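One file, work-v3.cif, is given below (mmCIF, C-alpha atoms).
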```
data_upload
#
loop_
_atom_site.label_atom_id
_atom_site.label_comp_id
_atom_site.auth_asym_id
_atom_site.auth_seq_id
_atom_site.Cartn_x
_atom_site.Cartn_y
_atom_site.Cartn_z
CA MET J 651 -23.70 -3.31 11.18
CA ILE J 652 -23.33 -4.60 7.59
CA SER J 653 -26.71 -5.56 6.13
CA ALA J 654 -25.47 -7.15 2.88
CA PHE J 655 -22.21 -8.12 1.17
CA PHE J 656 -21.73 -8.45 -2.60
CA ILE J 657 -19.01 -8.99 -5.17
CA PHE J 658 -19.80 -7.68 -8.67
CA ASN J 659 -17.84 -8.08 -11.89
CA GLN J 660 -17.25 -5.10 -14.20
CA LYS J 661 -20.50 -5.85 -16.08
CA GLY J 662 -22.51 -5.53 -12.86
CA GLU J 663 -23.22 -9.25 -12.54
CA VAL J 664 -23.43 -10.58 -8.98
CA LEU J 665 -20.72 -13.17 -8.29
CA ILE J 666 -21.11 -13.42 -4.50
CA SER J 667 -24.01 -12.27 -2.32
CA ARG J 668 -24.78 -12.60 1.38
CA LEU J 669 -27.77 -10.91 3.07
CA TYR J 670 -27.56 -10.45 6.85
CA ARG J 671 -30.81 -8.55 7.46
CA THR J 672 -34.43 -9.23 6.54
CA ASP J 673 -35.03 -5.60 5.53
CA PHE J 674 -33.00 -6.21 2.35
CA LYS J 675 -33.80 -8.27 -0.71
CA ARG J 676 -31.32 -9.44 -3.32
CA SER J 677 -32.80 -6.87 -5.71
CA ILE J 678 -30.79 -4.23 -3.81
CA ALA J 679 -27.93 -5.37 -6.05
CA ASP J 680 -29.76 -3.91 -9.06
CA VAL J 681 -29.67 -0.48 -7.42
CA PHE J 682 -25.88 -0.62 -7.10
CA ARG J 683 -25.50 -1.87 -10.67
CA ILE J 684 -27.59 1.02 -12.06
CA GLN J 685 -26.27 3.78 -9.80
CA VAL J 686 -22.56 2.87 -9.71
CA VAL J 687 -21.44 0.19 -12.20
CA SER J 688 -23.39 1.65 -15.12
CA ASN J 689 -22.61 5.25 -14.17
CA SER J 690 -19.06 6.21 -15.18
CA ASP J 691 -19.36 9.60 -13.43
CA VAL J 692 -19.44 8.05 -9.95
CA ARG J 693 -16.06 8.38 -8.23
CA SER J 694 -16.97 8.36 -4.54
CA PRO J 695 -16.53 5.00 -2.78
CA ILE J 696 -19.65 5.77 -0.70
CA ILE J 697 -23.07 6.26 -2.28
CA THR J 698 -26.09 7.04 -0.10
CA LEU J 699 -29.58 6.63 -1.55
CA GLY J 700 -32.30 7.46 0.94
CA SER J 701 -31.43 5.54 4.11
CA THR J 702 -29.25 2.98 2.32
CA SER J 703 -25.47 3.40 2.00
CA PHE J 704 -23.28 1.47 -0.44
CA PHE J 705 -19.55 1.17 0.39
CA HIS J 706 -17.44 -0.24 -2.42
CA VAL J 707 -13.79 -1.04 -3.12
CA ARG J 708 -12.48 -1.85 -6.61
CA VAL J 709 -9.91 -4.59 -7.13
CA ASN J 710 -8.97 -5.96 -10.59
CA ASN J 711 -12.29 -4.90 -12.20
CA LEU J 712 -14.30 -6.36 -9.31
CA TYR J 713 -16.48 -4.41 -6.91
CA VAL J 714 -16.41 -5.54 -3.27
CA VAL J 715 -19.57 -3.97 -1.80
CA CYS J 716 -21.01 -3.62 1.70
CA VAL J 717 -24.56 -2.28 2.13
CA THR J 718 -26.04 -0.90 5.34
CA LYS J 719 -29.02 1.12 6.58
CA THR J 720 -27.41 2.02 9.91
CA ASN J 721 -25.05 4.90 10.67
CA ALA J 722 -22.05 2.61 10.36
CA ASN J 723 -18.42 3.59 10.96
CA ALA J 724 -17.16 4.09 7.38
CA ALA J 725 -13.52 3.39 8.31
CA LEU J 726 -14.54 0.09 9.89
CA VAL J 727 -16.55 -0.96 6.81
CA PHE J 728 -13.65 -0.21 4.47
CA GLU J 729 -11.22 -2.00 6.79
CA PHE J 730 -13.51 -5.04 6.58
CA CYS J 731 -13.49 -4.85 2.75
CA TYR J 732 -9.71 -4.55 2.54
CA ARG J 733 -9.23 -7.28 5.13
CA PHE J 734 -11.44 -9.60 3.05
CA ILE J 735 -9.32 -8.82 -0.04
CA SER J 736 -6.12 -9.60 1.90
CA ILE J 737 -7.55 -12.90 3.13
CA ALA J 738 -8.68 -13.85 -0.38
CA LYS J 739 -5.21 -13.07 -1.78
CA SER J 740 -3.57 -15.27 0.85
CA TYR J 741 -5.85 -18.17 -0.09
CA PHE J 742 -5.91 -18.09 -3.88
CA GLY J 743 -3.48 -15.37 -5.03
CA LYS J 744 -4.88 -12.83 -7.45
CA VAL J 745 -8.41 -11.64 -6.74
CA ASP J 746 -10.18 -11.48 -10.10
CA GLU J 747 -13.40 -12.76 -11.66
CA GLU J 748 -11.97 -16.13 -12.62
CA SER J 749 -10.53 -16.85 -9.16
CA VAL J 750 -13.80 -15.80 -7.48
CA LYS J 751 -15.80 -18.19 -9.70
CA ASN J 752 -13.32 -21.01 -9.07
CA ASN J 753 -13.37 -20.53 -5.30
CA PHE J 754 -16.90 -19.37 -4.55
CA VAL J 755 -17.53 -22.14 -1.98
CA LEU J 756 -14.36 -21.14 -0.11
CA ILE J 757 -15.32 -17.46 -0.31
CA TYR J 758 -18.71 -18.14 1.29
CA GLU J 759 -16.94 -20.07 4.06
CA LEU J 760 -14.61 -17.15 4.66
CA ILE J 761 -17.41 -14.56 4.63
CA ASP J 762 -19.44 -16.55 7.15
CA GLU J 763 -16.40 -16.93 9.38
CA ILE J 764 -15.19 -13.31 9.42
CA SER J 765 -18.68 -11.80 9.75
CA ASP J 766 -21.35 -12.91 12.21
CA TYR J 767 -24.78 -11.55 11.30
CA GLY J 768 -23.05 -8.56 9.70
CA TYR J 769 -20.64 -7.86 12.56
CA PRO J 770 -16.91 -8.38 11.78
CA GLN J 771 -15.28 -11.22 13.71
CA ASN J 772 -11.85 -12.84 13.75
CA SER J 773 -10.08 -12.05 10.48
CA GLU J 774 -6.53 -13.16 11.31
CA ILE J 775 -5.23 -15.08 8.29
CA ASP J 776 -3.17 -17.56 10.35
CA THR J 777 -6.18 -18.46 12.49
CA LEU J 778 -8.49 -18.82 9.50
CA LYS J 779 -6.02 -21.05 7.65
CA SER J 780 -5.86 -23.41 10.60
CA TYR J 781 -9.50 -24.48 10.16
CA ILE J 782 -10.63 -23.26 6.73
CA THR J 783 -8.37 -25.21 4.41
CA THR J 784 -8.40 -26.00 0.72
CA GLU J 785 -6.29 -29.12 1.32
CA SER J 786 -7.46 -32.69 1.88
CA VAL J 787 -9.54 -33.59 4.95
CA ILE J 788 -7.40 -34.61 7.94
CA SER J 789 -8.14 -37.67 10.11
CA SER J 790 -10.72 -37.41 12.92
CA ALA J 791 -8.13 -37.98 15.69
CA ILE J 792 -5.90 -35.17 14.49
CA ALA J 793 -8.94 -33.02 13.78
CA ALA J 794 -10.05 -33.20 17.45
CA GLU J 795 -6.59 -32.14 18.64
CA GLU J 796 -6.41 -29.33 16.07
CA SER J 797 -9.89 -28.16 17.06
CA SER J 798 -8.71 -27.72 20.64
CA LYS J 799 -5.72 -25.65 19.48
CA ILE J 800 -7.93 -23.53 17.22
CA THR J 801 -10.30 -22.70 20.09
CA THR J 802 -7.38 -21.61 22.26
CA GLN J 803 -5.91 -19.53 19.47
CA ALA J 804 -9.15 -17.84 18.46
CA THR J 805 -10.17 -16.98 22.03
CA GLY J 806 -6.77 -16.50 23.69
CA ALA J 807 -4.77 -13.34 24.32
CA THR J 808 -2.75 -13.83 21.13
CA SER J 809 -5.38 -14.93 18.64
CA TRP J 810 -3.01 -14.02 15.80
CA ARG J 811 -0.42 -16.65 16.72
CA ARG J 812 -0.26 -20.32 17.68
CA GLY J 813 2.12 -21.35 20.44
CA ASP J 814 3.47 -24.52 18.80
CA VAL J 815 5.24 -22.87 15.86
CA LYS J 816 8.71 -24.34 15.24
CA TYR J 817 11.56 -23.40 12.89
CA LYS J 818 15.05 -24.85 12.47
CA LYS J 819 16.40 -21.40 11.70
CA ASN J 820 14.87 -18.46 13.56
CA GLU J 821 14.85 -15.28 11.50
CA ALA J 822 13.09 -11.91 11.46
CA PHE J 823 13.06 -9.62 8.41
CA VAL J 824 12.03 -5.97 8.68
CA ASP J 825 11.36 -3.78 5.62
CA VAL J 826 10.82 -0.04 6.10
CA VAL J 827 9.18 1.05 2.83
CA GLU J 828 8.45 4.72 2.11
CA THR J 829 6.72 6.33 -0.85
CA VAL J 830 7.62 9.98 -1.46
CA ASN J 831 4.96 12.36 -2.73
CA LEU J 832 6.24 15.64 -4.19
CA SER J 833 4.70 18.53 -6.06
CA MET J 834 7.19 21.26 -7.01
CA SER J 835 6.40 24.52 -8.78
CA ALA J 836 8.15 25.81 -11.90
CA LYS J 837 10.13 28.23 -9.69
CA GLY J 838 11.48 25.37 -7.57
CA THR J 839 9.18 25.95 -4.61
CA VAL J 840 7.99 22.81 -2.84
CA LEU J 841 4.18 22.90 -2.91
CA ARG J 842 3.75 19.55 -1.22
CA ALA J 843 6.20 17.00 0.15
CA ASP J 844 5.17 14.09 2.34
CA VAL J 845 5.95 10.44 2.93
CA ASP J 846 3.61 7.43 3.16
CA GLY J 847 5.48 4.69 4.98
CA HIS J 848 4.91 1.24 6.35
CA ILE J 849 6.98 -1.30 8.23
CA GLN J 850 6.55 -4.80 6.83
CA MET J 851 7.81 -7.73 8.88
CA ARG J 852 8.36 -11.42 8.19
CA ALA J 853 8.76 -13.40 11.40
CA TYR J 854 9.94 -17.01 11.20
CA LEU J 855 10.37 -17.53 14.94
CA SER J 856 9.67 -20.59 17.10
CA GLY J 857 7.35 -20.58 20.11
CA THR J 858 5.75 -17.37 21.36
CA PRO J 859 8.54 -14.79 21.21
CA GLU J 860 8.40 -11.28 22.61
CA CYS J 861 9.87 -8.74 20.18
CA LYS J 862 11.06 -5.25 21.02
CA PHE J 863 11.54 -2.77 18.23
CA GLY J 864 13.17 0.66 18.79
CA LEU J 865 12.89 3.70 16.52
CA ASN J 866 14.73 7.07 16.46
CA ASP J 867 15.64 8.74 19.76
CA LYS J 868 14.19 12.02 18.49
CA LEU J 869 10.73 10.90 17.44
CA VAL J 870 7.66 13.16 17.56
CA ILE J 871 4.30 11.46 16.99
CA ASP J 872 1.97 14.43 17.34
CA LYS J 873 3.71 17.64 16.36
CA ASN J 874 0.72 19.75 17.49
CA SER J 875 1.05 18.72 21.12
CA GLN J 876 4.84 18.43 21.45
CA GLY J 877 7.57 20.79 20.39
CA GLY J 878 10.07 18.71 18.46
CA ALA J 879 13.59 19.76 17.47
CA SER J 880 14.23 20.81 13.89
CA ASP J 881 16.07 17.54 13.21
CA ALA J 882 13.44 15.36 14.89
CA VAL J 883 11.51 12.77 12.91
CA GLU J 884 7.84 13.73 12.98
CA LEU J 885 5.24 11.06 12.24
CA ASP J 886 1.52 11.58 11.69
CA ASP J 887 -1.37 9.13 11.52
CA CYS J 888 0.46 6.15 13.03
CA ARG J 889 -1.46 2.87 12.82
CA PHE J 890 -0.25 -0.38 14.35
CA HIS J 891 -1.04 -4.07 14.00
CA GLN J 892 -3.23 -5.32 16.84
CA CYS J 893 -0.30 -7.26 18.33
CA VAL J 894 1.48 -4.02 19.39
CA ARG J 895 1.26 -2.92 23.04
CA LEU J 896 0.45 0.75 22.61
CA ASN J 897 1.07 1.81 26.24
CA GLU J 898 4.78 0.92 25.98
CA PHE J 899 5.12 2.79 22.71
CA ASP J 900 3.60 5.96 24.19
CA SER J 901 6.05 5.96 27.10
CA THR J 902 9.35 4.68 25.61
CA ARG J 903 8.87 4.82 21.79
CA THR J 904 9.60 1.09 21.84
CA ILE J 905 7.27 -1.20 19.89
CA SER J 906 6.70 -4.33 21.97
CA PHE J 907 4.69 -7.20 20.49
CA VAL J 908 4.21 -10.93 20.01
CA PRO J 909 4.41 -11.23 16.19
CA PRO J 910 2.05 -13.27 14.01
CA ASP J 911 3.73 -16.14 12.19
CA GLY J 912 4.89 -15.18 8.70
CA GLU J 913 4.43 -11.84 6.92
CA PHE J 914 2.38 -8.95 8.30
CA GLU J 915 2.28 -5.15 8.36
CA LEU J 916 3.53 -3.97 11.73
CA MET J 917 2.99 -0.24 11.33
CA ARG J 918 1.79 2.40 8.86
CA TYR J 919 2.55 6.11 9.13
CA ARG J 920 2.79 9.47 7.35
CA SER J 921 5.41 12.21 7.62
CA THR J 922 4.93 15.76 6.40
CA SER J 923 7.91 17.53 8.02
CA ASN J 924 11.67 17.46 7.35
CA VAL J 925 11.18 15.30 4.25
CA LYS J 926 14.48 14.60 2.47
CA LEU J 927 14.00 14.62 -1.31
CA PRO J 928 16.21 11.88 -2.85
CA LEU J 929 16.31 13.38 -6.36
CA ARG J 930 16.54 17.03 -7.35
CA VAL J 931 15.17 17.71 -10.84
CA ILE J 932 15.89 21.08 -12.49
CA PRO J 933 14.01 21.55 -15.80
CA THR J 934 14.52 24.37 -18.30
CA VAL J 935 11.95 24.25 -21.10
CA ASN J 936 11.64 27.01 -23.72
CA GLU J 937 9.24 27.36 -26.64
CA ILE J 938 11.12 28.63 -29.73
CA GLY J 939 8.55 30.34 -31.91
CA THR J 940 5.78 27.99 -32.97
CA THR J 941 7.91 25.21 -34.43
CA GLN J 942 10.24 24.03 -31.66
CA VAL J 943 10.53 23.36 -27.93
CA SER J 944 13.95 22.99 -26.28
CA TYR J 945 14.54 20.91 -23.15
CA ASN J 946 17.47 20.98 -20.71
CA ILE J 947 16.88 18.85 -17.63
CA SER J 948 19.31 17.86 -14.89
CA VAL J 949 18.76 15.20 -12.24
CA LYS J 950 20.95 15.17 -9.13
CA ALA J 951 21.01 12.53 -6.40
CA ASN J 952 20.77 14.14 -2.94
CA PHE J 953 22.29 11.33 -0.88
CA GLY J 954 25.66 9.79 -0.03
CA ASN J 955 27.86 8.28 -2.74
CA LYS J 956 27.63 4.82 -1.14
CA LEU J 957 23.93 4.67 -2.07
CA SER J 958 22.33 4.65 -5.51
CA ALA J 959 18.92 5.18 -7.07
CA THR J 960 17.76 2.43 -9.42
CA ASN J 961 14.98 2.13 -12.02
CA VAL J 962 14.91 5.90 -12.48
CA VAL J 963 12.29 6.88 -15.07
CA LEU J 964 11.38 10.44 -16.08
CA ARG J 965 8.26 11.05 -18.16
CA ILE J 966 8.75 14.43 -19.85
CA PRO J 967 5.61 15.88 -21.53
CA THR J 968 5.63 17.24 -25.08
CA PRO J 969 3.06 19.41 -26.91
CA LEU J 970 0.19 17.62 -28.66
CA ASN J 971 1.40 18.70 -32.12
CA THR J 972 4.92 17.26 -31.71
CA THR J 973 6.24 15.50 -34.82
CA GLY J 974 9.49 14.18 -33.38
CA VAL J 975 12.06 14.70 -30.62
CA ASP J 976 15.86 14.70 -30.97
CA CYS J 977 17.23 13.53 -27.57
CA LYS J 978 20.77 13.64 -26.21
CA VAL J 979 21.61 11.94 -22.92
CA ALA J 980 24.90 10.97 -21.27
CA ASN J 981 23.24 8.42 -18.98
CA GLY J 982 20.53 5.91 -19.79
CA LYS J 983 18.21 5.99 -22.81
CA ALA J 984 15.55 8.46 -23.91
CA LYS J 985 12.74 7.70 -26.33
CA TYR J 986 9.79 9.71 -27.62
CA VAL J 987 6.44 7.94 -27.19
CA PRO J 988 3.98 9.72 -29.52
CA ALA J 989 0.94 7.78 -28.29
CA GLU J 990 1.38 9.31 -24.81
CA ASN J 991 2.94 12.65 -25.85
CA VAL J 992 5.92 12.11 -23.58
CA VAL J 993 9.64 11.44 -23.76
CA VAL J 994 10.55 8.53 -21.48
CA TRP J 995 14.07 8.84 -20.06
CA LYS J 996 15.24 5.67 -18.31
CA ILE J 997 18.39 5.61 -16.17
CA PRO J 998 19.29 2.19 -14.72
CA ARG J 999 21.36 3.62 -11.83
CA VAL J 1000 22.20 7.04 -10.40
CA GLN J 1001 24.99 7.06 -7.83
CA GLY J 1002 24.75 9.36 -4.81
CA GLY J 1003 25.95 12.87 -5.66
CA GLN J 1004 25.88 12.13 -9.39
CA GLU J 1005 24.24 14.55 -11.83
CA CYS J 1006 22.64 13.37 -15.09
CA THR J 1007 21.63 15.71 -17.90
CA PHE J 1008 19.06 15.52 -20.68
CA SER J 1009 18.79 17.84 -23.66
CA ALA J 1010 16.31 17.61 -26.50
CA THR J 1011 14.59 19.58 -29.21
CA ALA J 1012 10.98 18.80 -30.13
CA GLY J 1013 9.74 19.69 -33.61
CA LEU J 1014 6.14 20.91 -33.90
CA THR J 1015 3.69 20.99 -36.78
CA SER J 1016 2.25 24.37 -37.66
CA THR J 1017 -1.42 24.77 -36.74
CA THR J 1018 -3.94 27.30 -37.98
CA THR J 1019 -5.01 28.23 -34.45
CA ARG J 1020 -2.29 28.32 -31.82
CA GLN J 1021 -3.30 26.73 -28.55
CA VAL J 1022 -1.49 27.43 -25.30
CA TRP J 1023 0.43 24.36 -24.12
CA ALA J 1024 -0.79 23.31 -20.65
CA ARG J 1025 2.68 22.03 -19.66
CA PRO J 1026 1.81 18.98 -17.55
CA PRO J 1027 4.36 18.16 -14.82
CA ILE J 1028 7.35 15.85 -15.23
CA ASP J 1029 6.76 12.50 -13.48
CA VAL J 1030 9.73 10.81 -11.80
CA ASP J 1031 9.85 7.16 -10.64
CA PHE J 1032 12.77 5.70 -8.69
CA GLU J 1033 13.87 3.35 -5.91
CA VAL J 1034 16.64 3.96 -3.36
CA LEU J 1035 17.73 1.14 -1.05
CA MET J 1036 18.92 1.80 2.53
CA LEU J 1037 17.47 5.33 2.64
CA THR J 1038 14.37 6.78 4.31
CA ALA J 1039 13.03 10.15 3.20
CA SER J 1040 11.44 10.73 6.61
CA GLY J 1041 14.67 9.96 8.47
CA LEU J 1042 13.07 7.04 10.33
CA ILE J 1043 15.57 4.38 11.42
CA VAL J 1044 15.37 1.14 13.39
CA ARG J 1045 17.69 1.46 16.41
CA PHE J 1046 17.33 -2.14 17.52
CA LEU J 1047 15.27 -5.31 17.15
CA LYS J 1048 15.41 -7.79 20.01
CA VAL J 1049 13.74 -11.19 20.30
CA PHE J 1050 13.06 -12.75 23.72
CA GLU J 1051 11.82 -16.33 24.07
CA LYS J 1052 11.82 -18.66 27.09
CA SER J 1053 14.13 -21.19 25.38
CA ASN J 1054 16.69 -18.39 24.69
CA TYR J 1055 17.37 -19.49 21.12
CA HIS J 1056 19.60 -17.47 18.80
CA SER J 1057 17.77 -15.48 16.12
CA ILE J 1058 19.01 -13.62 13.06
CA LYS J 1059 17.56 -10.16 12.35
CA TRP J 1060 17.59 -8.29 9.03
CA VAL J 1061 16.56 -4.67 8.46
CA ARG J 1062 16.17 -3.10 5.02
CA TYR J 1063 15.08 0.39 3.97
CA LEU J 1064 13.49 1.35 0.65
CA THR J 1065 12.40 4.80 -0.55
CA LYS J 1066 10.50 4.94 -3.82
CA ALA J 1067 8.25 7.09 -5.98
CA SER J 1068 5.73 5.92 -8.55
CA GLY J 1069 3.57 8.53 -10.24
CA SER J 1070 3.57 10.83 -7.19
CA TYR J 1071 6.87 12.74 -7.65
CA GLN J 1072 6.04 15.65 -9.93
CA ILE J 1073 7.96 18.74 -11.04
CA ARG J 1074 6.27 21.54 -12.97
CA PHE J 1075 8.12 23.61 -15.55
#
```
Hey, can you dump this file as structure tokens for me?
Amino acid sequence: MISAFFIFNQKGEVLISRLYRTDFKRSIADVFRIQVVSNSDVRSPIITLGSTSFFHVRVNNLYVVCVTKTNANAALVFEFCYRFISIAKSYFGKVDEESVKNNFVLIYELIDEISDYGYPQNSEIDTLKSYITTESVISSAIAAEESSKITTQATGATSWRRGDVKYKKNEAFVDVVETVNLSMSAKGTVLRADVDGHIQMRAYLSGTPECKFGLNDKLVIDKNSQGGASDAVELDDCRFHQCVRLNEFDSTRTISFVPPDGEFELMRYRSTSNVKLPLRVIPTVNEIGTTQVSYNISVKANFGNKLSATNVVLRIPTPLNTTGVDCKVANGKAKYVPAENVVVWKIPRVQGGQECTFSATAGLTSTTTRQVWARPPIDVDFEVLMLTASGLIVRFLKVFEKSNYHSIKWVRYLTKASGSYQIRF
């Protein structure tokens, strides 16, 4: 499927290369360097030249590139690229040029293990770490025993988990993390509101436990085929970790699985209906002649008073010919940043139901030709613990294991926005 795999630095130099087919030569890397690295206009992650397709992912000024001449499944190729990046991060932390050069022998080992003649193979991090190790060489007697366990794990029904895992304290942590995307018009009409969410789990459980994970009673997965109630939680584009038994989820909305050891992403989803907006921003911006712009902005928290939004940051645009801004705020601090033509208003904490106000006057220099101000949108960043914008909740988390040990379960919710919550004015 994949004919060649490369890693380039930002100068277009080849750091890692692996050719899987004889119809390619290493000079194919020059084509990518000329057509993509040296061409700042290229934005598409897929470039097709003749019968050759280049799929690339950028990470810390590196290009992870797969090349193929076949009609390959693009989603599968990108999943392979991102899975390689995840594996590399788990082995040596940050994936950058220096770490690639320091670990190139290990990277070649990993590439050869997760891809067989260009076809993706076992890419479970726990399995790979059991026999591709950066630690000292273990004794031959232990190595033989470990080899037997590895074979069972890699070829068994649960290749993502070993059966001899033991912990003194058995715990499971579940994080439901949602990112809210909002685009609101100057009249207060919601143009776009959706949620990108994922459920992250850390399982420190002994043996081979069976976990059952229940979500909302009113849960609609495909709103086109089922008529959900107005208060139902509607999820689109659900994707699960391979450990999840999908047939049980379809029938009972219960996620049943044998978890990998350690941290993993259990589920990823989107929600485009009944999105609860945590913060309501009402801007009033008026241009006074050609010398001043007045701002009056209020931010209100649309959730219960027991919760609070933290790290709230509003980036309020100013005209290009602004000379200075006189800000008045009752909460937090506001500062004009001339290099970015914005006023940054930072509020450490906004309690549920609380309303914060911002007023300012921007002075403008007179220009010979008056240009119409484009009025870019206000960007809002925030984090709210124990709240989900989609309404998704975890009803229960149960752990079953043949030894019947006691386990402690923790569930945390986090709703946040970072550069995707925009209000026009």
Requested in this report: On this file, the PyMOL selection byres ((chain J and resi 843) around 8) gives some set of residues; write that set as a PyMOL selection string.
Outcome: chain J and resi 830-833+840-842+844-845+922+925
Query - Counting only C-alpha atoms, the residue of J:Val824, J:Cys977, J:Ile997, J:Leu869 that sits nearest Tyr854 of chain J - result: J:Val824
I would like the residues chosen by the PyMOL selection byres ((chain J and resi 727-738) around 10) on the shown file; could you give them as a short mmCIF file (atom, residue, chain, number, x, y, z; two decimals) with C-alpha atoms, in the frame of the given file?
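Output saved as selection11.cif:
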```cif
data_model
loop_
_atom_site.label_atom_id
_atom_site.label_comp_id
_atom_site.auth_asym_id
_atom_site.auth_seq_id
_atom_site.Cartn_x
_atom_site.Cartn_y
_atom_site.Cartn_z
CA MET J 651 -23.70 -3.31 11.18
CA ILE J 652 -23.33 -4.60 7.59
CA PHE J 655 -22.21 -8.12 1.17
CA PRO J 695 -16.53 5.00 -2.78
CA ILE J 696 -19.65 5.77 -0.70
CA PHE J 705 -19.55 1.17 0.39
CA HIS J 706 -17.44 -0.24 -2.42
CA VAL J 707 -13.79 -1.04 -3.12
CA ARG J 708 -12.48 -1.85 -6.61
CA VAL J 709 -9.91 -4.59 -7.13
CA VAL J 714 -16.41 -5.54 -3.27
CA VAL J 715 -19.57 -3.97 -1.80
CA CYS J 716 -21.01 -3.62 1.70
CA VAL J 717 -24.56 -2.28 2.13
CA THR J 718 -26.04 -0.90 5.34
CA ALA J 722 -22.05 2.61 10.36
CA ASN J 723 -18.42 3.59 10.96
CA ALA J 724 -17.16 4.09 7.38
CA ALA J 725 -13.52 3.39 8.31
CA LEU J 726 -14.54 0.09 9.89
CA LYS J 739 -5.21 -13.07 -1.78
CA SER J 740 -3.57 -15.27 0.85
CA TYR J 741 -5.85 -18.17 -0.09
CA PHE J 742 -5.91 -18.09 -3.88
CA GLY J 743 -3.48 -15.37 -5.03
CA LYS J 744 -4.88 -12.83 -7.45
CA VAL J 745 -8.41 -11.64 -6.74
CA SER J 749 -10.53 -16.85 -9.16
CA VAL J 750 -13.80 -15.80 -7.48
CA ASN J 753 -13.37 -20.53 -5.30
CA LEU J 756 -14.36 -21.14 -0.11
CA ILE J 757 -15.32 -17.46 -0.31
CA LEU J 760 -14.61 -17.15 4.66
CA ILE J 761 -17.41 -14.56 4.63
CA ILE J 764 -15.19 -13.31 9.42
CA SER J 765 -18.68 -11.80 9.75
CA TYR J 769 -20.64 -7.86 12.56
CA PRO J 770 -16.91 -8.38 11.78
CA GLN J 771 -15.28 -11.22 13.71
CA SER J 773 -10.08 -12.05 10.48
CA GLU J 774 -6.53 -13.16 11.31
CA ILE J 775 -5.23 -15.08 8.29
CA ASP J 776 -3.17 -17.56 10.35
CA LEU J 778 -8.49 -18.82 9.50
CA LYS J 779 -6.02 -21.05 7.65
#
```
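Atom CA of Asn897 of chain J is found 27.6 Å from atom CA of Asn820 of chain J.
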Query raised in the report: Any idea what the distance is between atom CA of Gly912 of chain J and atom CA of Tyr1063 of chain J?
Result: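 A separation of 19.2 Å between them.
Atom pair atom CA of Asp846 of chain J / atom CA of Ser921 of chain J: separated by 6.8 Å.
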The PyMOL selection byres ((chain J and resi 957-972) around 7) resolved against shown file, as a JSON list (two decimals) with C-alpha atoms, in the frame of the given file:
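The resulting file, out.json, is reproduced below:
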```json
[["chain", "number", "residue", "atom", "x", "y", "z"],
["J", 953, "PHE", "CA", 22.29, 11.33, -0.88],
["J", 954, "GLY", "CA", 25.66, 9.79, -0.03],
["J", 955, "ASN", "CA", 27.86, 8.28, -2.74],
["J", 956, "LYS", "CA", 27.63, 4.82, -1.14],
["J", 973, "THR", "CA", 6.24, 15.50, -34.82],
["J", 974, "GLY", "CA", 9.49, 14.18, -33.38],
["J", 991, "ASN", "CA", 2.94, 12.65, -25.85],
["J", 992, "VAL", "CA", 5.92, 12.11, -23.58],
["J", 993, "VAL", "CA", 9.64, 11.44, -23.76],
["J", 994, "VAL", "CA", 10.55, 8.53, -21.48],
["J", 995, "TRP", "CA", 14.07, 8.84, -20.06],
["J", 996, "LYS", "CA", 15.24, 5.67, -18.31],
["J", 997, "ILE", "CA", 18.39, 5.61, -16.17],
["J", 998, "PRO", "CA", 19.29, 2.19, -14.72],
["J", 999, "ARG", "CA", 21.36, 3.62, -11.83],
["J", 1000, "VAL", "CA", 22.20, 7.04, -10.40],
["J", 1001, "GLN", "CA", 24.99, 7.06, -7.83],
["J", 1002, "GLY", "CA", 24.75, 9.36, -4.81],
["J", 1012, "ALA", "CA", 10.98, 18.80, -30.13],
["J", 1013, "GLY", "CA", 9.74, 19.69, -33.61],
["J", 1014, "LEU", "CA", 6.14, 20.91, -33.90],
["J", 1015, "THR", "CA", 3.69, 20.99, -36.78],
["J", 1023, "TRP", "CA", 0.43, 24.36, -24.12],
["J", 1026, "PRO", "CA", 1.81, 18.98, -17.55],
["J", 1028, "ILE", "CA", 7.35, 15.85, -15.23],
["J", 1029, "ASP", "CA", 6.76, 12.50, -13.48],
["J", 1030, "VAL", "CA", 9.73, 10.81, -11.80],
["J", 1031, "ASP", "CA", 9.85, 7.16, -10.64],
["J", 1032, "PHE", "CA", 12.77, 5.70, -8.69],
["J", 1033, "GLU", "CA", 13.87, 3.35, -5.91],
["J", 1034, "VAL", "CA", 16.64, 3.96, -3.36]]
```
Query - Nearest-residue call for Leu712 of chain J, choices J:Trp810, J:Phe1046, J:Phe1075, J:Phe658, using only C-alpha atoms - result: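 Distance minimum relative to Leu712 of chain J lands on J:Phe658.
Surrounding residues of (12.1, -10.3, 5.5) at most 7 Å away are Ala822, Phe823, Val824, Asp825, Met851, Arg852 and Trp1060 of chain J (based on all atoms listed in the file).
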Report task. Would you please work out which residue, of J:Ile782, J:Asn721, J:Val870, J:Glu1051, is nearest to Asp900 of chain J when using all atoms listed in the file? Result -> J:Val870
Requested in this report: Can you pull out every residue within 7 Å of segment 1036-1038 of chain J, counting all atoms listed in the file, but drop anything in the same chain fewer than 6 positions away, and send it as a list in words?
Outcome: Glu828, Arg1062, Tyr1063, Leu1064 and Thr1065 of chain J
Report task. Anything within 10 Å of (16.6, -3.7, 15.9): list those residues as a ChimeraX atom specification, counting only C-alpha atoms and sticking to the file's coordinates. Result -> /J:822,824,861-865,1043-1049,1059-1061
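The closest residue to Lys816 of chain J, picked from J:Tyr1055, J:Asn946, J:Val894, J:Asn866 and counting all atoms listed in the file, is J:Tyr1055.
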Query raised in the report: Which one of J:Val935, J:Lys950, J:Gln1072, J:Gly982 sits closest to Thr1011 of chain J if you count only C-alpha atoms?
Result: J:Val935
